[in-house]
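Text of query-v6.txt (compact mmCIF, C-alpha atoms and all ligand atoms) as supplied:
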# COMPACT_ATOMS: atom_id res chain seq x y z
CA MET L 1 96.14 98.41 152.05
CA ASP L 2 92.95 100.24 151.22
CA LEU L 3 94.24 102.74 148.65
CA GLN L 4 91.00 104.68 148.58
CA LEU L 5 91.14 105.21 152.33
CA LEU L 6 94.81 106.15 151.94
CA ALA L 7 94.06 108.79 149.30
CA GLN L 8 91.15 110.16 151.30
CA THR L 9 93.19 110.31 154.50
CA LEU L 10 96.12 112.06 152.81
CA ASP L 11 93.66 114.53 151.32
CA GLU L 12 92.13 115.25 154.73
CA LEU L 13 95.61 115.80 156.12
CA GLY L 14 96.25 118.36 153.37
CA GLU L 15 99.07 116.32 151.87
CA PRO L 16 99.95 116.70 148.17
CA PRO L 17 98.71 114.02 145.74
CA PHE L 18 102.18 112.54 145.16
CA ARG L 19 102.21 111.18 148.73
CA ALA L 20 99.77 108.40 147.81
CA ARG L 21 102.05 107.31 144.96
CA GLN L 22 105.03 107.45 147.29
CA VAL L 23 103.33 105.19 149.83
CA TRP L 24 102.21 102.75 147.12
CA ARG L 25 105.71 102.61 145.63
CA TRP L 26 107.11 101.44 148.95
CA THR L 27 104.23 99.09 149.65
CA SER L 28 104.21 97.45 146.23
CA ARG L 29 107.95 96.82 146.52
CA GLY L 30 107.64 94.89 149.73
CA ALA L 31 107.88 97.46 152.55
CA ASP L 32 106.54 96.00 155.79
CA SER L 33 105.36 99.15 157.55
CA TYR L 34 104.88 102.92 157.18
CA GLU L 35 107.81 103.20 159.55
CA SER L 36 110.21 102.00 156.88
CA MET L 37 109.14 104.64 154.30
CA THR L 38 112.12 106.85 154.91
CA ASP L 39 111.26 109.62 152.44
CA LEU L 40 107.95 110.30 154.23
CA PRO L 41 107.93 112.85 157.08
CA LEU L 42 108.15 111.06 160.42
CA ALA L 43 104.95 112.61 161.74
CA LEU L 44 103.03 111.53 158.64
CA ARG L 45 104.28 107.95 159.03
CA SER L 46 102.82 107.71 162.50
CA VAL L 47 99.51 109.37 161.57
CA LEU L 48 99.09 106.92 158.69
CA ALA L 49 99.92 103.99 160.96
CA GLU L 50 97.03 105.09 163.17
CA ARG L 51 94.49 105.85 160.48
CA VAL L 52 95.10 103.53 157.53
CA PRO L 53 95.68 99.88 158.44
CA PHE L 54 98.84 98.73 156.66
CA SER L 55 96.95 95.63 155.44
CA THR L 56 93.24 94.84 155.19
CA LEU L 57 94.15 91.28 156.23
CA ALA L 58 95.60 90.04 159.50
CA VAL L 59 97.98 87.08 159.22
CA GLU L 60 96.75 84.29 161.45
CA ASN L 61 99.06 81.48 160.46
CA GLU L 62 101.78 80.64 157.99
CA ALA L 63 102.79 77.09 157.07
CA HIS L 64 105.96 76.12 155.19
CA ALA L 65 106.01 72.93 153.14
CA ARG L 66 109.12 70.87 152.47
CA ASP L 67 109.01 71.82 148.77
CA GLY L 68 109.26 75.56 149.56
CA THR L 69 105.52 76.23 149.24
CA VAL L 70 104.14 78.69 151.80
CA LYS L 71 100.47 78.88 152.77
CA ALA L 72 99.14 81.87 154.66
CA LEU L 73 95.88 82.00 156.56
CA PHE L 74 94.54 85.53 156.86
CA ARG L 75 91.50 87.05 158.47
CA THR L 76 89.54 90.01 157.11
CA ALA L 77 88.71 92.88 159.46
CA ASP L 78 85.19 91.44 159.84
CA GLY L 79 86.50 87.98 160.70
CA HIS L 80 86.37 85.97 157.46
CA PRO L 81 89.16 83.46 156.76
CA VAL L 82 91.17 83.72 153.53
CA GLU L 83 94.02 81.51 152.35
CA ALA L 84 96.69 82.12 149.73
CA VAL L 85 99.75 80.17 148.64
CA LEU L 86 103.24 80.99 147.37
CA MET L 87 104.81 78.39 145.11
CA ARG L 88 108.53 78.50 144.46
CA TYR L 89 109.84 76.62 141.44
CA ARG L 90 113.34 75.41 140.65
CA ASP L 91 113.58 77.67 137.60
CA GLY L 92 113.18 80.66 139.90
CA ARG L 93 109.53 81.30 139.16
CA ARG L 94 107.53 82.60 142.15
CA SER L 95 103.85 82.04 141.64
CA LEU L 96 100.97 83.09 143.87
CA CYS L 97 97.69 81.28 144.24
CA LEU L 98 95.17 83.96 145.23
CA SER L 99 91.66 83.79 146.68
CA SER L 100 88.76 85.86 145.39
CA GLN L 101 86.17 84.93 148.02
CA SER L 102 86.15 83.68 151.61
CA GLY L 103 84.79 80.18 151.08
CA CYS L 104 82.84 79.49 147.89
CA PRO L 105 79.11 79.46 147.12
CA LEU L 106 79.53 76.66 144.57
CA THR L 107 79.58 73.12 145.91
CA CYS L 108 81.94 71.05 143.77
CA THR L 109 81.92 67.72 145.56
CA PHE L 110 85.69 67.05 145.47
CA CYS L 111 86.84 70.48 146.64
CA ALA L 112 87.47 71.37 150.29
CA THR L 113 86.57 75.04 149.78
CA GLY L 114 83.19 73.97 148.37
CA GLN L 115 82.46 72.16 151.62
CA MET L 116 83.06 75.14 153.90
CA ARG L 117 80.62 77.95 154.59
CA PHE L 118 80.58 80.78 152.07
CA GLY L 119 81.62 84.06 153.67
CA ARG L 120 81.61 86.85 151.12
CA ASN L 121 83.31 88.34 148.09
CA LEU L 122 86.70 89.85 148.87
CA THR L 123 87.45 93.47 148.02
CA ALA L 124 90.18 94.38 145.54
CA SER L 125 92.35 95.53 148.45
CA GLU L 126 91.91 92.18 150.18
CA VAL L 127 93.06 90.41 147.02
CA VAL L 128 96.08 92.68 146.54
CA ASP L 129 97.00 92.37 150.23
CA GLN L 130 97.43 88.61 149.77
CA ALA L 131 100.02 89.32 147.06
CA LEU L 132 101.70 92.05 149.12
CA HIS L 133 102.11 89.65 152.03
CA PHE L 134 104.21 87.30 149.90
CA ARG L 135 106.00 90.18 148.16
CA ARG L 136 107.48 91.00 151.56
CA LEU L 137 109.22 87.61 151.48
CA GLY L 138 110.82 88.38 148.09
CA PRO L 139 110.04 89.12 144.43
CA VAL L 140 106.99 87.41 142.86
CA ASP L 141 106.20 87.14 139.15
CA HIS L 142 103.11 85.00 138.44
CA ALA L 143 99.61 84.73 139.88
CA VAL L 144 96.72 82.35 139.44
CA PHE L 145 93.24 82.92 140.82
CA MET L 146 92.99 79.32 141.94
CA GLY L 147 92.58 79.84 145.66
CA MET L 148 89.29 80.02 147.50
CA GLY L 149 86.22 81.09 145.61
CA GLU L 150 84.98 81.56 142.08
CA PRO L 151 86.80 84.63 140.70
CA LEU L 152 84.33 85.24 137.89
CA MET L 153 81.54 85.72 140.47
CA ASN L 154 83.57 88.61 141.89
CA LEU L 155 85.05 89.93 138.70
CA ASP L 156 84.93 93.65 139.45
CA ALA L 157 87.19 93.22 142.45
CA VAL L 158 89.42 90.70 140.66
CA LEU L 159 89.92 93.03 137.70
CA ALA L 160 90.59 95.99 139.99
CA ALA L 161 93.21 93.89 141.78
CA CYS L 162 94.74 92.98 138.41
CA GLU L 163 95.26 96.72 137.80
CA ARG L 164 97.58 96.79 140.83
CA LEU L 165 99.40 93.48 140.51
CA PRO L 166 101.85 94.69 137.81
CA ASP L 167 103.29 97.16 140.36
CA VAL L 168 103.89 94.18 142.66
CA GLY L 169 105.77 92.39 139.84
CA ILE L 170 102.98 90.37 138.23
CA THR L 171 101.91 91.46 134.76
CA ALA L 172 98.50 90.66 133.22
CA ARG L 173 100.19 88.21 130.86
CA ARG L 174 101.48 86.32 133.89
CA THR L 175 98.10 86.28 135.62
CA ALA L 176 95.52 83.56 135.04
CA ILE L 177 91.94 83.37 136.22
CA SER L 178 90.42 79.95 136.81
CA THR L 179 86.69 79.34 136.57
CA VAL L 180 84.14 76.57 136.88
CA GLY L 181 82.65 77.96 133.66
CA TRP L 182 80.80 81.07 134.82
CA ILE L 183 79.81 82.28 131.36
CA PRO L 184 79.07 85.98 131.99
CA GLY L 185 82.56 86.34 133.44
CA ILE L 186 84.22 84.53 130.53
CA VAL L 187 82.44 86.90 128.15
CA ARG L 188 83.70 89.91 130.09
CA LEU L 189 87.25 88.56 130.21
CA ALA L 190 87.20 88.02 126.45
CA ALA L 191 86.29 91.69 126.01
CA ASP L 192 88.88 92.98 128.48
CA PRO L 193 91.83 94.62 126.75
CA ARG L 194 94.42 93.09 129.09
CA PRO L 195 96.09 89.77 128.19
CA LEU L 196 94.77 87.94 131.28
CA GLY L 197 94.90 84.15 131.05
CA LEU L 198 91.88 81.87 131.36
CA ALA L 199 91.70 78.39 132.90
CA LEU L 200 88.58 76.22 132.88
CA SER L 201 87.86 73.60 135.53
CA LEU L 202 86.27 70.94 133.34
CA HIS L 203 86.63 67.60 135.16
CA ALA L 204 84.13 65.61 133.05
CA ALA L 205 82.95 65.90 129.46
CA ASP L 206 79.80 63.89 130.12
CA PRO L 207 77.00 66.28 131.21
CA VAL L 208 75.40 63.95 133.76
CA LEU L 209 78.72 63.22 135.46
CA ARG L 210 79.82 66.85 135.31
CA SER L 211 76.59 68.00 136.97
CA ALA L 212 77.06 65.39 139.69
CA LEU L 213 80.61 66.60 140.38
CA MET L 214 79.94 70.30 139.81
CA PRO L 215 76.30 71.39 140.27
CA VAL L 216 77.06 74.67 138.45
CA ASN L 217 76.98 72.62 135.22
CA ASP L 218 73.15 72.67 135.41
CA ARG L 219 73.20 76.44 135.23
CA TYR L 220 75.95 76.78 132.62
CA PRO L 221 76.16 73.60 130.53
CA LEU L 222 79.60 72.64 129.28
CA GLU L 223 78.71 73.08 125.62
CA ASP L 224 77.87 76.76 126.17
CA VAL L 225 80.92 77.22 128.38
CA LEU L 226 83.21 75.84 125.68
CA ALA L 227 81.63 78.15 123.10
CA ALA L 228 82.47 81.10 125.39
CA CYS L 229 86.03 79.82 125.88
CA GLU L 230 86.50 79.48 122.13
CA ASP L 231 85.32 83.04 121.64
CA TYR L 232 87.87 84.14 124.27
CA HIS L 233 90.55 82.24 122.35
CA ARG L 234 89.60 83.86 119.03
CA ARG L 235 89.67 87.36 120.49
CA LYS L 236 92.74 87.06 122.70
CA ARG L 237 94.75 84.54 120.70
CA ARG L 238 95.59 82.81 123.94
CA LYS L 239 95.27 79.15 124.78
CA VAL L 240 92.66 78.20 127.34
CA PHE L 241 94.00 75.93 130.07
CA VAL L 242 91.70 73.06 130.95
CA GLU L 243 91.94 71.64 134.44
CA TYR L 244 90.84 68.06 134.97
CA VAL L 245 91.14 66.51 138.42
CA MET L 246 91.72 62.76 138.15
CA LEU L 247 89.28 60.75 140.30
CA ALA L 248 89.76 56.98 140.38
CA GLY L 249 86.90 55.07 138.75
CA ILE L 250 84.90 58.30 138.28
CA ASN L 251 86.32 60.28 135.35
CA ASP L 252 89.60 58.56 134.45
CA SER L 253 88.60 55.82 131.99
CA HIS L 254 89.72 55.44 128.39
CA VAL L 255 86.21 56.24 127.13
CA GLN L 256 86.21 59.44 129.19
CA ALA L 257 89.53 60.52 127.69
CA VAL L 258 88.02 60.03 124.24
CA GLN L 259 84.94 62.06 125.28
CA LEU L 260 87.16 64.87 126.53
CA ALA L 261 89.21 64.86 123.33
CA ASP L 262 86.00 64.97 121.30
CA ALA L 263 84.57 67.85 123.32
CA LEU L 264 87.74 69.92 122.89
CA GLY L 265 88.89 68.61 119.54
CA SER L 266 86.56 70.47 117.21
CA ALA L 267 88.03 73.81 118.25
CA GLY L 268 91.39 73.41 116.55
CA PRO L 269 94.69 72.12 117.94
CA ASN L 270 95.92 75.27 119.69
CA THR L 271 92.77 76.33 121.48
CA TYR L 272 93.15 74.24 124.63
CA LYS L 273 95.86 72.76 126.75
CA VAL L 274 94.83 70.15 129.27
CA ASN L 275 96.34 70.03 132.72
CA LEU L 276 95.56 66.78 134.53
CA ILE L 277 95.50 67.35 138.28
CA PRO L 278 96.28 64.49 140.67
CA TYR L 279 93.49 64.52 143.26
CA ASN L 280 94.53 65.98 146.60
CA PRO L 281 92.83 64.47 149.65
CA THR L 282 90.08 66.68 151.11
CA GLY L 283 88.17 64.22 153.28
CA SER L 284 85.69 63.52 150.47
CA ALA L 285 84.75 59.99 149.40
CA PHE L 286 86.88 60.25 146.26
CA GLU L 287 90.21 58.65 145.63
CA GLY L 288 92.86 59.89 143.27
CA SER L 289 93.66 58.02 140.06
CA SER L 290 96.89 56.04 140.01
CA PRO L 291 99.91 57.54 138.25
CA LYS L 292 99.49 54.80 135.65
CA ALA L 293 95.86 55.73 134.96
CA ILE L 294 96.78 59.42 134.73
CA GLU L 295 99.55 58.65 132.24
CA ALA L 296 97.25 56.49 130.10
CA PHE L 297 94.64 59.26 130.07
CA ARG L 298 97.27 61.82 129.10
CA ALA L 299 98.64 59.61 126.33
CA GLU L 300 95.16 59.13 124.87
CA LEU L 301 94.58 62.90 124.76
CA GLU L 302 97.94 63.43 123.07
CA ARG L 303 97.21 60.66 120.60
CA ARG L 304 94.09 62.60 119.63
CA GLY L 305 96.01 65.79 119.06
CA LEU L 306 95.50 67.58 122.39
CA ARG L 307 98.39 68.87 124.41
CA ALA L 308 98.18 67.46 127.92
CA THR L 309 100.44 67.66 130.96
CA VAL L 310 100.19 66.44 134.53
CA ARG L 311 100.24 69.13 137.20
CA LEU L 312 103.04 68.99 139.69
CA THR L 313 101.52 68.71 143.14
CA ARG L 314 102.83 71.32 145.55
CA GLY L 315 102.40 71.82 149.26
CA ARG L 316 100.28 68.77 149.97
CA ASP L 317 101.93 68.20 153.36
CA ILE L 318 100.49 71.54 154.58
CA ASP L 319 97.10 71.17 152.84
CA ALA L 320 98.07 73.92 150.42
CA ALA L 321 97.52 71.97 147.20
CA CYS L 322 94.67 72.44 144.71
CA GLY L 323 91.28 72.01 146.32
CA GLN L 324 92.67 71.83 149.85
CA LEU L 325 92.10 75.43 150.91
CA ALA L 326 89.52 75.49 153.65
CA ALA L 327 89.79 77.29 156.94
CA ALA L 328 87.65 76.54 159.95
CA GLY L 329 85.35 79.37 160.96
N1 LIG L 401 86.50 78.25 141.44
C1 LIG L 401 87.58 78.32 140.48
C2 LIG L 401 88.89 78.70 141.12
C3 LIG L 401 89.47 77.63 142.03
S1 LIG L 401 90.73 76.83 141.15
C4 LIG L 401 87.68 77.01 139.73
O1 LIG L 401 87.10 76.03 140.20
O2 LIG L 401 88.31 76.97 138.68
C5 LIG L 401 91.07 75.41 142.08
C6 LIG L 401 91.32 74.23 141.17
O3 LIG L 401 91.58 73.07 141.97
C7 LIG L 401 90.09 73.92 140.34
O4 LIG L 401 90.44 73.45 139.07
C8 LIG L 401 89.49 72.79 141.16
O5 LIG L 401 88.60 72.03 140.41
C9 LIG L 401 90.70 72.03 141.59
N2 LIG L 401 90.45 71.16 142.73
C10 LIG L 401 89.44 71.25 143.61
N3 LIG L 401 89.51 70.26 144.53
C11 LIG L 401 90.60 69.54 144.20
C12 LIG L 401 91.23 68.41 144.79
N4 LIG L 401 90.74 67.85 145.89
N5 LIG L 401 92.35 67.92 144.21
C13 LIG L 401 92.86 68.50 143.11
N6 LIG L 401 92.33 69.60 142.51
C14 LIG L 401 91.21 70.10 143.07

Mind converting the file's structure to structure tokens?
Amino acid sequence: MDLQLLAQTLDELGEPPFRARQVWRWTSRGADSYESMTDLPLALRSVLAERVPFSTLAVENEAHARDGTVKALFRTADGHPVEAVLMRYRDGRRSLCLSSQSGCPLTCTFCATGQMRFGRNLTASEVVDQALHFRRLGPVDHAVFMGMGEPLMNLDAVLAACERLPDVGITARRTAISTVGWIPGIVRLAADPRPLGLALSLHAADPVLRSALMPVNDRYPLEDVLAACEDYHRRKRRKVFVEYVMLAGINDSHVQAVQLADALGSAGPNTYKVNLIPYNPTGSAFEGSSPKAIEAFRAELERRGLRATVRLTRGRDIDAACGQLAAAG
């Protein structure tokens, strides 16, 4: 819902300012239409339905995985595809994976979104509307900006959306923003007063390999990115999560685990936590590392004093897992 358009429309209709808050209260708590907002005058409900689209996104498809994961494909009013995912965990956690852009201008070689055409930055309303869609299915409490796009290239809209998410049930402390290492955005996040989490997609400590996998490394070399992450850690006193997708024979050797530990090790034991991600098929030439290779890599990191876990893969049977978001068109 475009809250600016809502406020402007209510103003034009001569409605008092509390109406906008009333509408938002219903919407942020999972209402599915103006119709259901029973403390709003009937006539106003139908005028709003005509003048302020209930969502900036149209739902085009929804897929349900066996593990309870739900992937939604939306379309913006001007026709751009957007995907978002709801992950349900056994402990009751309900986590959203949100998109910040339609497609992505960066071209990481292993990522499906990087292979599709870049559309545009999403607006804050388009980000919040992804969350509201899933809120209608039930309460939600965590969000990660790990869907389509590079959130730190669209940080104004992402931060504006983060202003609204607490009303939907997701506090800043339970929101994490994932980046390829877009330094100006990391610097801004470090200065932001809210306790937003930071995750870095690292994938290779060796500069030549990292540039081959993620061309953005030529623009923002890893060394400088890590310096920015460490500054974030000092200011926020929050661990930075490092994502490392495990590609067989590419970045999963013993030597490469040692390189990663060295790159992260100088910062102190509680600065980083490594999350090893099993590779999800995207039609690229890569193959995922074996569970044995992933475990050996993890053990080596731990042996060198880094905390490291292996990410649970969710929603792979509906192409909803990490790196698999890509919609035709
Ligand atoms: N652009 C941001 C936000 C997207 S996060 C970023 O890259 O951090 C999506 C995460 O999934 C990133 O860590 C990305 O590197 C990872 N990923 C991409 N393709 C993948 C694949 N095929 N299998 C597993 N993880 C993948």

>> One number please: atom CA of L:Pro53 to atom CA of L:Gly149, in Å, one decimal.
In response: 24.6 Å

>> Can you measure atom CA of L:Cys229 to atom CA of L:Ala326 for me? One decimal in Å is fine.
In response: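 Atom CA of L:Ala326 lies at a distance of 28.3 Å from atom CA of L:Cys229.
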
>> One number please: atom CA of L:Pro139 to atom CA of L:Asp192, in Å, one decimal.
In response: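 Straight-line distance from atom CA of L:Pro139 to atom CA of L:Asp192 works out to 26.8 Å.
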
>> Can you work out which residues are within 8 Å of ligand LIG 401 (chain L), considering all atoms listed in the file, and then hand them over as a PyMOL selection string?
In response: chain L and resi 104+106+108+110-113+145-151+177-181+199-203+243-246+277-282+321-324

> Need the neighbours of (93.7, 89.5, 132.0): which residues are at most 12 Å away, counting all atoms listed in the file, as a count of residues only?
Replying inline: 39

>> Residues within 6 Å of L:Phe241, please, as a PyMOL selection string. Count all atoms listed in the file; anything in the same chain fewer than 3 positions from it doesn't count.
In response: chain L and resi 199+272-274

> So, counting all atoms listed in the file, which residue among L:Lys239, L:Arg210, L:Arg75, L:Arg120 is closest to L:Asn251?
Replying inline: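 Of L:Lys239, L:Arg210, L:Arg75, L:Arg120, the one nearest L:Asn251 is L:Arg210, counting all atoms listed in the file.
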
>> Show me the residues around (99.5, 70.9, 133.5) - criterion: an atom at most 6 Å away, all atoms listed in the file counted - as a PyMOL selection string.
In response: chain L and resi 275-276+309-311

Each stretch 121-181 of chain L residue no farther than 12 Å from stretch 59-62 of chain L, nearest pair in Å, only C-alpha atoms, as a tab-separated table:
residue	atom	partner	partner_atom	distance
L:Asp129	CA	L:Val59	CA	10.5
L:Gln130	CA	L:Val59	CA	9.6
L:Leu132	CA	L:Val59	CA	11.9
L:His133	CA	L:Val59	CA	8.7
L:Phe134	CA	L:Glu62	CA	10.8

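Using all atoms listed in the file, the nearest neighbour of L:Ile318 within the list L:Gly114, L:Gly305, L:Gly79, L:Gly68 is L:Gly68.
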
> From the set L:Met214, L:Leu96, L:Val225, L:Leu42, which residue has the shortest atom-to-atom contact distance to L:Val168, counting only C-alpha atoms?
Replying inline: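 With only C-alpha atoms as the atom set, the closest residue is L:Leu96.
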
> L:Phe54: which residues within 7 Å, counting all atoms listed in the file, same-chain residues fewer than 4 positions away excluded, as a count of residues only?
Replying inline: 3

Using all atoms listed in the file, what does the table of stretch 122-218 of chain L residues within 6 Å of stretch 92-95 of chain L look like, with each row giving the shortest atom pair and its distance in Å to one decimal, sorted by chain and ascending number, as JSON lines?
{"residue": "L:Val140", "atom": "CA", "partner": "L:Arg94", "partner_atom": "CA", "distance": 4.9}
{"residue": "L:Asp141", "atom": "CA", "partner": "L:Arg94", "partner_atom": "CA", "distance": 5.6}
{"residue": "L:His142", "atom": "CA", "partner": "L:Ser95", "partner_atom": "CA", "distance": 4.4}
{"residue": "L:Ala143", "atom": "CA", "partner": "L:Ser95", "partner_atom": "CA", "distance": 5.3}

> Can you tell me, as a list in words, what residues are no more than 8 Å from L:Leu226 when counting only C-alpha atoms, ignoring any on the same chain fewer than 4 positions away?
Replying inline: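 Returned residues: Leu222, Glu230 and Leu264 of chain L.
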